[in-house]
Each structure stands twice: as structure tokens, then as C-alpha cells.
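So this one's run39.tsv, TSV, C-alpha atoms:
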```tsv
chain	number	residue	atom	x	y	z
A	1	MET	CA	135.10	58.73	88.05
A	2	CYS	CA	131.49	59.89	88.03
A	3	VAL	CA	130.97	63.56	87.27
A	4	GLN	CA	127.69	65.03	88.53
A	5	SER	CA	125.73	67.20	86.17
A	6	LEU	CA	125.40	70.89	86.97
A	7	GLU	CA	121.67	70.34	87.50
A	8	GLU	CA	122.38	67.72	90.19
A	9	SER	CA	125.21	69.51	91.96
A	10	VAL	CA	123.80	73.01	92.33
A	11	PRO	CA	120.88	73.37	94.76
A	12	THR	CA	118.16	75.46	93.19
A	13	ARG	CA	116.56	78.54	94.69
A	14	LEU	CA	113.78	78.42	92.13
A	15	PRO	CA	110.23	77.35	92.91
A	16	PRO	CA	109.13	73.98	91.54
A	17	ARG	CA	108.05	73.96	87.92
A	18	PRO	CA	104.24	74.04	87.66
A	19	GLY	CA	102.53	70.90	86.42
A	20	PHE	CA	101.20	72.59	83.31
A	21	GLU	CA	99.69	69.47	81.77
A	22	ALA	CA	97.71	68.60	84.91
A	23	ILE	CA	96.58	72.20	85.37
A	24	GLU	CA	95.40	72.44	81.76
A	25	ALA	CA	93.53	69.15	82.06
A	26	ALA	CA	91.74	70.26	85.23
A	27	ALA	CA	91.18	73.88	84.16
A	28	PRO	CA	87.77	73.39	82.47
A	29	GLU	CA	86.30	72.23	85.79
A	30	THR	CA	87.32	75.48	87.52
A	31	ALA	CA	86.69	77.82	84.59
A	32	SER	CA	83.60	79.54	86.02
A	33	ARG	CA	85.30	80.84	89.17
A	34	ARG	CA	88.44	81.79	87.26
A	35	THR	CA	86.32	83.68	84.73
A	36	LEU	CA	84.55	85.50	87.57
A	37	ILE	CA	87.86	86.56	89.11
A	38	LEU	CA	89.26	87.74	85.78
A	39	ALA	CA	86.04	89.65	85.07
A	40	LEU	CA	86.28	91.41	88.44
A	41	ILE	CA	89.93	92.32	87.80
A	42	GLY	CA	89.00	93.66	84.37
A	43	ASN	CA	86.09	95.65	85.77
A	44	ILE	CA	88.33	97.24	88.40
A	45	SER	CA	90.89	98.21	85.76
A	46	PHE	CA	88.20	99.51	83.39
A	47	SER	CA	86.43	101.60	86.04
A	48	TRP	CA	89.67	102.91	87.52
A	49	SER	CA	90.96	104.05	84.11
A	50	ASN	CA	87.73	105.88	83.36
A	51	ASN	CA	87.91	107.66	86.70
A	52	GLU	CA	91.54	108.65	86.23
A	53	SER	CA	90.68	110.22	82.87
A	54	MET	CA	88.02	112.36	84.57
A	55	PHE	CA	90.80	114.40	86.14
A	56	ILE	CA	91.68	115.64	82.64
A	57	TYR	CA	88.49	117.72	82.81
A	58	VAL	CA	89.45	118.96	86.28
A	59	LEU	CA	92.83	120.01	84.88
A	60	MET	CA	91.15	121.66	81.88
A	61	LEU	CA	88.97	123.79	84.16
A	62	LEU	CA	91.71	124.69	86.63
A	63	LEU	CA	94.05	125.83	83.84
A	64	ASP	CA	91.24	127.31	81.71
A	65	ILE	CA	92.47	125.50	78.60
A	66	ASP	CA	90.91	123.21	75.99
A	67	GLN	CA	90.46	119.48	76.48
A	68	THR	CA	93.22	118.47	74.06
A	69	SER	CA	95.80	120.66	75.80
A	70	ALA	CA	94.73	119.29	79.18
A	71	ALA	CA	95.05	115.72	77.89
A	72	ILE	CA	98.55	116.44	76.56
A	73	ILE	CA	99.68	117.82	79.92
A	74	PHE	CA	98.01	114.94	81.76
A	75	SER	CA	99.57	112.22	79.61
A	76	THR	CA	103.01	113.86	79.64
A	77	LEU	CA	103.22	113.15	83.37
A	78	ASN	CA	104.26	109.51	83.73
A	79	THR	CA	102.49	108.50	86.93
A	80	THR	CA	99.05	108.85	88.45
A	81	ARG	CA	100.63	110.32	91.57
A	82	ALA	CA	102.30	113.09	89.54
A	83	ARG	CA	99.04	113.86	87.72
A	84	LEU	CA	97.03	114.16	90.91
A	85	ASP	CA	99.81	116.15	92.57
A	86	LEU	CA	99.52	118.69	89.75
A	87	VAL	CA	95.73	118.79	90.15
A	88	GLN	CA	96.04	119.35	93.89
A	89	ARG	CA	98.65	122.11	93.51
A	90	LEU	CA	96.55	123.91	90.92
A	91	ALA	CA	93.49	123.54	93.13
A	92	ALA	CA	95.36	125.10	96.06
A	93	ALA	CA	96.32	128.03	93.84
A	94	ASN	CA	93.02	128.53	92.02
A	95	ILE	CA	90.10	127.41	94.19
A	96	ALA	CA	89.16	130.10	96.70
A	97	ASP	CA	85.92	128.48	97.89
A	98	LYS	CA	86.77	126.15	100.78
A	99	GLN	CA	83.73	123.96	100.14
A	100	VAL	CA	84.68	123.41	96.50
A	101	ALA	CA	88.29	122.73	97.50
A	102	SER	CA	87.12	120.23	100.12
A	103	GLN	CA	84.93	118.44	97.59
A	104	LEU	CA	87.84	118.02	95.20
A	105	GLU	CA	90.18	116.86	97.95
A	106	ASN	CA	87.62	114.25	99.01
A	107	LEU	CA	87.34	112.98	95.44
A	108	VAL	CA	91.12	112.70	95.14
A	109	GLU	CA	91.36	110.83	98.45
A	110	ARG	CA	88.67	108.37	97.38
A	111	PHE	CA	90.40	107.82	94.05
A	112	ASN	CA	93.71	107.20	95.81
A	113	ALA	CA	92.06	104.60	98.05
A	114	CYS	CA	90.70	102.82	94.97
A	115	THR	CA	94.11	103.08	93.29
A	116	LYS	CA	95.71	101.15	96.15
A	117	ILE	CA	93.32	98.23	95.59
A	118	ARG	CA	93.64	98.44	91.80
A	119	ASN	CA	97.43	98.28	92.09
A	120	GLU	CA	97.14	95.08	94.15
A	121	PHE	CA	95.71	93.33	91.10
A	122	ASN	CA	97.67	95.09	88.35
A	123	HIS	CA	101.09	94.70	89.96
A	124	CYS	CA	101.18	91.16	91.29
A	125	MET	CA	101.81	87.53	90.42
A	126	TYR	CA	98.87	85.14	90.52
A	127	ALA	CA	99.26	81.71	92.11
A	128	LEU	CA	97.29	78.76	90.75
A	129	ASN	CA	96.76	75.37	92.35
A	130	ASP	CA	96.81	71.98	90.59
A	131	LEU	CA	93.19	72.50	89.52
A	132	GLY	CA	93.94	75.78	87.77
A	133	GLU	CA	92.18	77.82	90.45
A	134	ILE	CA	93.53	81.29	91.21
A	135	THR	CA	94.34	80.95	94.90
A	136	HIS	CA	96.62	83.86	95.86
A	137	THR	CA	98.08	87.15	94.75
A	138	HIS	CA	101.74	87.90	95.43
A	139	SER	CA	102.37	91.64	95.44
A	140	MET	CA	105.34	92.95	93.46
A	141	LYS	CA	105.81	95.76	95.98
A	142	ILE	CA	109.00	95.66	98.03
A	143	SER	CA	108.53	96.61	101.69
A	144	GLU	CA	110.95	97.08	104.57
A	145	VAL	CA	110.26	95.19	107.79
A	146	ARG	CA	112.58	95.72	110.76
A	147	GLY	CA	115.30	97.02	108.49
A	148	ARG	CA	115.09	94.10	106.06
A	149	LEU	CA	113.70	94.23	102.54
A	150	LYS	CA	110.82	91.87	101.96
A	151	PHE	CA	109.10	90.83	98.76
A	152	GLY	CA	105.43	91.77	98.60
A	153	ALA	CA	102.60	90.36	100.65
A	154	VAL	CA	100.75	87.17	99.73
A	155	ARG	CA	96.95	87.37	99.99
A	156	PRO	CA	94.36	84.66	99.34
A	157	VAL	CA	91.81	85.07	96.56
A	158	ASP	CA	88.94	83.68	98.62
A	159	ASP	CA	85.28	84.63	98.92
A	160	ASP	CA	86.12	87.56	101.22
A	161	ARG	CA	88.58	88.88	98.64
A	162	LEU	CA	85.95	88.61	95.90
A	163	LYS	CA	83.54	90.62	98.05
A	164	GLU	CA	86.29	93.22	98.51
A	165	MET	CA	86.72	93.38	94.73
A	166	GLN	CA	82.98	93.80	94.20
A	167	GLY	CA	83.00	96.54	96.83
A	168	ILE	CA	85.77	98.50	95.13
A	169	ILE	CA	83.90	98.29	91.82
A	170	GLY	CA	80.91	99.84	93.58
A	171	ASP	CA	83.16	102.53	95.06
A	172	LEU	CA	84.58	103.34	91.63
A	173	LYS	CA	81.08	103.56	90.16
A	174	ALA	CA	79.95	105.97	92.89
A	175	LEU	CA	83.15	107.99	92.49
A	176	ASN	CA	82.54	108.34	88.76
A	177	ARG	CA	79.04	109.73	89.38
A	178	ASP	CA	80.37	112.14	91.99
A	179	LEU	CA	83.13	113.35	89.67
A	180	TRP	CA	80.56	114.11	86.97
A	181	ASN	CA	78.43	115.96	89.54
A	182	PHE	CA	81.45	117.95	90.72
A	183	LEU	CA	82.63	119.18	87.32
A	184	PRO	CA	79.81	121.75	86.84
A	185	VAL	CA	80.44	122.98	90.39
A	186	LEU	CA	84.11	123.54	89.59
A	187	GLU	CA	83.28	125.11	86.23
A	188	ASN	CA	80.92	127.62	87.87
A	189	HIS	CA	83.48	128.46	90.54
A	190	VAL	CA	86.22	129.07	87.96
A	191	ALA	CA	83.84	131.20	85.86
A	192	ARG	CA	82.83	133.33	88.86
A	193	LYS	CA	86.45	133.80	89.85
A	194	GLY	CA	87.36	134.82	86.30
A	195	GLU	CA	84.49	137.30	86.16
A	196	ALA	CA	85.55	138.82	89.48
A	197	VAL	CA	89.10	139.25	88.18
A	198	ARG	CA	87.83	140.93	85.01
A	199	GLN	CA	85.66	143.33	87.00
A	200	ARG	CA	88.58	144.30	89.22
A	201	GLY	CA	90.69	144.90	86.12
```
As C-alpha cells, please, write out the structure in this file.
Amino acid sequence: MCVQSLEESVPTRLPPRPGFEAIEAAAPETASRRTLILALIGNISFSWSNNESMFIYVLMLLLDIDQTSAAIIFSTLNTTRARLDLVQRLAAANIADKQVASQLENLVERFNACTKIRNEFNHCMYALNDLGEITHTHSMKISEVRGRLKFGAVRPVDDDRLKEMQGIIGDLKALNRDLWNFLPVLENHVARKGEAVRQRG
């Protein structure tokens, strides 16, 4: 009597094993594009992180505390969403000038838009073809479609996607400049408000 092995008898739900040897052999031919993609991903992550840290200064000014204390509060919160939520709540409580408040809200909205794109590349699986080219991203985000849970979206890493990545890097660069320009505005507003409170006291 012939007994089938477990490997033969159980149909697999796993994807096929990649041809690592063939991919590694072909990889040098596609290295330049792969290096470009990885550089763009790194630049997005680098620029995004620098922009997120700028909100430490916003927190410092809104709470009228030193930078170290602001950084401790900022890093104690585990998510970017929680950090920005705190910034927005403090702004609502402490910024009386509608124009200043609107400027900050605009900066937060722009940062959130960049965060969405950044998360696409930081929280995904990357698909490679037999030549070692990065062809697709597969989001790790679970979504619900018509009442059914669905694993994240698959998007091609084509020339249009590369242009999108270059665009978000430009957006992050502009946002960084605007955050630096906004900080003195916020500092002056907080100082004027503090002086007004002291005079009333």
C-alpha cells in the first residue's frame, strides 16, 4: 500500500516559493532601478521623520515648556495620530488668533496627507519578478469591502508611482520649510498671549 506524503496530500494555500537563485543571478542587471526605488523610499522616510519631529517644537511652545520635556511627552505617546491629536487639542485651547490656528491646522493636514503615502511604503510587502525588479507593493492594511475583510491593496511600482514618490518628497520638503517659518509666528503669538495674561493679573 502506497502512503502519500503530507506534502503531496495536503493542498497548499501558500504562494509559490520564489526562485531565489534566478533572481539573484539576474539582480545585477536591474540594480539601477531597484536602487532608485529604495533611495526614494528612504528619502520619504527620512523627510517624514524630520517633519514629525518638528511638532515637538510646536508642543514646546503650546505648553510653554523646555525642549526636553516636550520631547519626553511627544515620545511617550505611541502613535503619530496621538501626538498630532494632542497638538491639535492644545492648539484649540491656547491659540486665540484664528489665522495662526488656521496655519497650524493646514500644516497638520498636509503632514497627514504625506503620512498616508509614507505608510504605503513602510507598511507593505514588496513583490519582485524573476529579474529582481520591484514590481508591486501589497499593503498590510486590512479593509472592509461589502462586509467582507480584505487584505490590503496591490499597487504597481511603475513610472507613474515613481513620479508620485518624487512628488511626495517635494511636498515634505516644502512642508518642512513652512513648519520652520510657522514656529516664530506661533512663538510670538504665545508670547503676546502670555503678556496679556500677566497684564490682566
Q.
When you look at stretch 179-184 of chain A with a cut-off of 9 Å (counting only C-alpha atoms), what residues show up, excluding the ones that are within fewer than 3 positions of it in the same chain? I need them as a ChimeraX atom specification.
A. /A:51,54-55,57-58,61,100,103-104,107,174-176,187-189
For A:Leu63, work out the shell of residues within 10 Å, counting all atoms listed in the file and skipping chain neighbours fewer than 4 positions away, then give it as a list in words. Tyr57, Val58, Leu59, Ser69, Ala70, Val87, Leu90, Ala91, Asn94 and Val190 of chain A
Could you tell me how far atom CA of A:Asp171 sits from atom CA of A:Gln88, in Å to one decimal place?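 One can read the atom CA of A:Gln88 to atom CA of A:Asp171 distance as 21.2 Å.
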Could you name the residues that touch stretch 130-144 of chain A at 6 Å or less, counting all atoms listed in the file, but leaving out those on the same chain fewer than 3 positions away, as a ChimeraX atom specification? /A:23,26-27,123-127,147-157
Restricting to only C-alpha atoms, whichever of A:Arg34, A:Arg17, A:Arg118, A:Arg110 is closest to A:Ser49 is A:Arg118
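In this model, the gap between atom CA of A:Gly19 and atom CA of A:Ala31 comes to 17.4 Å.
If you look at atom CA of A:Asn112 and atom CA of A:Lys98, they are 20.8 Å away from each other.
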Mind checking which residues fall within 9 Å of stretch 71-73 of chain A, counting all atoms listed in the file, ignoring those fewer than 3 positions away in the same chain, and posting them as a PyMOL selection string?
chain A and resi 53+56-57+59-60+66-68+76-77+83
Can you complete the atoms of stretch 126-152 of chain A to N, CA and C atoms and list them as a PDB file, in the frame of the given file?
```pdb
ATOM      1  N   TYR A 126     100.028  85.932  90.115  1.00  0.00           N
ATOM      2  CA  TYR A 126      98.870  85.140  90.520  1.00  0.00           C
ATOM      3  C   TYR A 126      99.292  83.680  90.690  1.00  0.00           C
ATOM      4  N   ALA A 127      98.947  83.110  91.840  1.00  0.00           N
ATOM      5  CA  ALA A 127      99.260  81.710  92.110  1.00  0.00           C
ATOM      6  C   ALA A 127      98.059  80.833  91.775  1.00  0.00           C
ATOM      7  N   LEU A 128      98.323  79.723  91.094  1.00  0.00           N
ATOM      8  CA  LEU A 128      97.290  78.760  90.750  1.00  0.00           C
ATOM      9  C   LEU A 128      97.601  77.425  91.426  1.00  0.00           C
ATOM     10  N   ASN A 129      96.547  76.707  91.801  1.00  0.00           N
ATOM     11  CA  ASN A 129      96.760  75.370  92.350  1.00  0.00           C
ATOM     12  C   ASN A 129      96.723  74.332  91.224  1.00  0.00           C
ATOM     13  N   ASP A 130      96.755  73.055  91.594  1.00  0.00           N
ATOM     14  CA  ASP A 130      96.810  71.980  90.590  1.00  0.00           C
ATOM     15  C   ASP A 130      95.529  71.874  89.773  1.00  0.00           C
ATOM     16  N   LEU A 131      94.463  72.528  90.242  1.00  0.00           N
ATOM     17  CA  LEU A 131      93.190  72.500  89.520  1.00  0.00           C
ATOM     18  C   LEU A 131      93.020  73.715  88.612  1.00  0.00           C
ATOM     19  N   GLY A 132      94.032  74.579  88.593  1.00  0.00           N
ATOM     20  CA  GLY A 132      93.940  75.780  87.770  1.00  0.00           C
ATOM     21  C   GLY A 132      93.171  76.905  88.429  1.00  0.00           C
ATOM     22  N   GLU A 133      92.887  76.762  89.723  1.00  0.00           N
ATOM     23  CA  GLU A 133      92.180  77.820  90.450  1.00  0.00           C
ATOM     24  C   GLU A 133      93.158  78.916  90.856  1.00  0.00           C
ATOM     25  N   ILE A 134      92.727  80.165  90.730  1.00  0.00           N
ATOM     26  CA  ILE A 134      93.530  81.290  91.210  1.00  0.00           C
ATOM     27  C   ILE A 134      93.373  81.349  92.722  1.00  0.00           C
ATOM     28  N   THR A 135      94.440  81.080  93.444  1.00  0.00           N
ATOM     29  CA  THR A 135      94.340  80.950  94.900  1.00  0.00           C
ATOM     30  C   THR A 135      94.909  82.127  95.676  1.00  0.00           C
ATOM     31  N   HIS A 136      95.948  82.781  95.130  1.00  0.00           N
ATOM     32  CA  HIS A 136      96.620  83.860  95.860  1.00  0.00           C
ATOM     33  C   HIS A 136      97.137  84.922  94.900  1.00  0.00           C
ATOM     34  N   THR A 137      97.314  86.121  95.441  1.00  0.00           N
ATOM     35  CA  THR A 137      98.080  87.150  94.750  1.00  0.00           C
ATOM     36  C   THR A 137      99.367  87.380  95.534  1.00  0.00           C
ATOM     37  N   HIS A 138     100.442  87.619  94.810  1.00  0.00           N
ATOM     38  CA  HIS A 138     101.740  87.900  95.430  1.00  0.00           C
ATOM     39  C   HIS A 138     102.185  89.272  94.940  1.00  0.00           C
ATOM     40  N   SER A 139     102.084  90.264  95.818  1.00  0.00           N
ATOM     41  CA  SER A 139     102.370  91.640  95.440  1.00  0.00           C
ATOM     42  C   SER A 139     103.811  91.797  94.972  1.00  0.00           C
ATOM     43  N   MET A 140     104.003  92.658  93.969  1.00  0.00           N
ATOM     44  CA  MET A 140     105.340  92.950  93.460  1.00  0.00           C
ATOM     45  C   MET A 140     105.998  94.096  94.234  1.00  0.00           C
ATOM     46  N   LYS A 141     105.291  94.628  95.214  1.00  0.00           N
ATOM     47  CA  LYS A 141     105.810  95.760  95.980  1.00  0.00           C
ATOM     48  C   LYS A 141     106.828  95.285  97.008  1.00  0.00           C
ATOM     49  N   ILE A 142     107.964  95.963  97.053  1.00  0.00           N
ATOM     50  CA  ILE A 142     109.000  95.660  98.030  1.00  0.00           C
ATOM     51  C   ILE A 142     108.761  96.513  99.276  1.00  0.00           C
ATOM     52  N   SER A 143     108.729  95.876 100.439  1.00  0.00           N
ATOM     53  CA  SER A 143     108.530  96.610 101.690  1.00  0.00           C
ATOM     54  C   SER A 143     109.703  96.341 102.625  1.00  0.00           C
ATOM     55  N   GLU A 144     109.873  97.231 103.590  1.00  0.00           N
ATOM     56  CA  GLU A 144     110.950  97.080 104.570  1.00  0.00           C
ATOM     57  C   GLU A 144     110.346  96.757 105.921  1.00  0.00           C
ATOM     58  N   VAL A 145     110.746  95.633 106.489  1.00  0.00           N
ATOM     59  CA  VAL A 145     110.260  95.190 107.790  1.00  0.00           C
ATOM     60  C   VAL A 145     111.446  94.990 108.712  1.00  0.00           C
ATOM     61  N   ARG A 146     111.485  95.774 109.793  1.00  0.00           N
ATOM     62  CA  ARG A 146     112.580  95.720 110.760  1.00  0.00           C
ATOM     63  C   ARG A 146     113.955  95.835 110.091  1.00  0.00           C
ATOM     64  N   GLY A 147     114.033  96.749 109.145  1.00  0.00           N
ATOM     65  CA  GLY A 147     115.300  97.020 108.490  1.00  0.00           C
ATOM     66  C   GLY A 147     115.675  96.047 107.386  1.00  0.00           C
ATOM     67  N   ARG A 148     114.794  95.073 107.112  1.00  0.00           N
ATOM     68  CA  ARG A 148     115.090  94.100 106.060  1.00  0.00           C
ATOM     69  C   ARG A 148     114.076  94.249 104.925  1.00  0.00           C
ATOM     70  N   LEU A 149     114.580  94.152 103.698  1.00  0.00           N
ATOM     71  CA  LEU A 149     113.700  94.230 102.540  1.00  0.00           C
ATOM     72  C   LEU A 149     112.952  92.918 102.376  1.00  0.00           C
ATOM     73  N   LYS A 150     111.668  93.053 102.080  1.00  0.00           N
ATOM     74  CA  LYS A 150     110.820  91.870 101.960  1.00  0.00           C
ATOM     75  C   LYS A 150     109.985  91.972 100.696  1.00  0.00           C
ATOM     76  N   PHE A 151     109.933  90.868  99.959  1.00  0.00           N
ATOM     77  CA  PHE A 151     109.100  90.830  98.760  1.00  0.00           C
ATOM     78  C   PHE A 151     107.647  90.922  99.181  1.00  0.00           C
ATOM     79  N   GLY A 152     106.805  91.408  98.279  1.00  0.00           N
ATOM     80  CA  GLY A 152     105.430  91.770  98.600  1.00  0.00           C
ATOM     81  C   GLY A 152     104.594  90.720  99.292  1.00  0.00           C
TER      82      GLY A 152
END
```
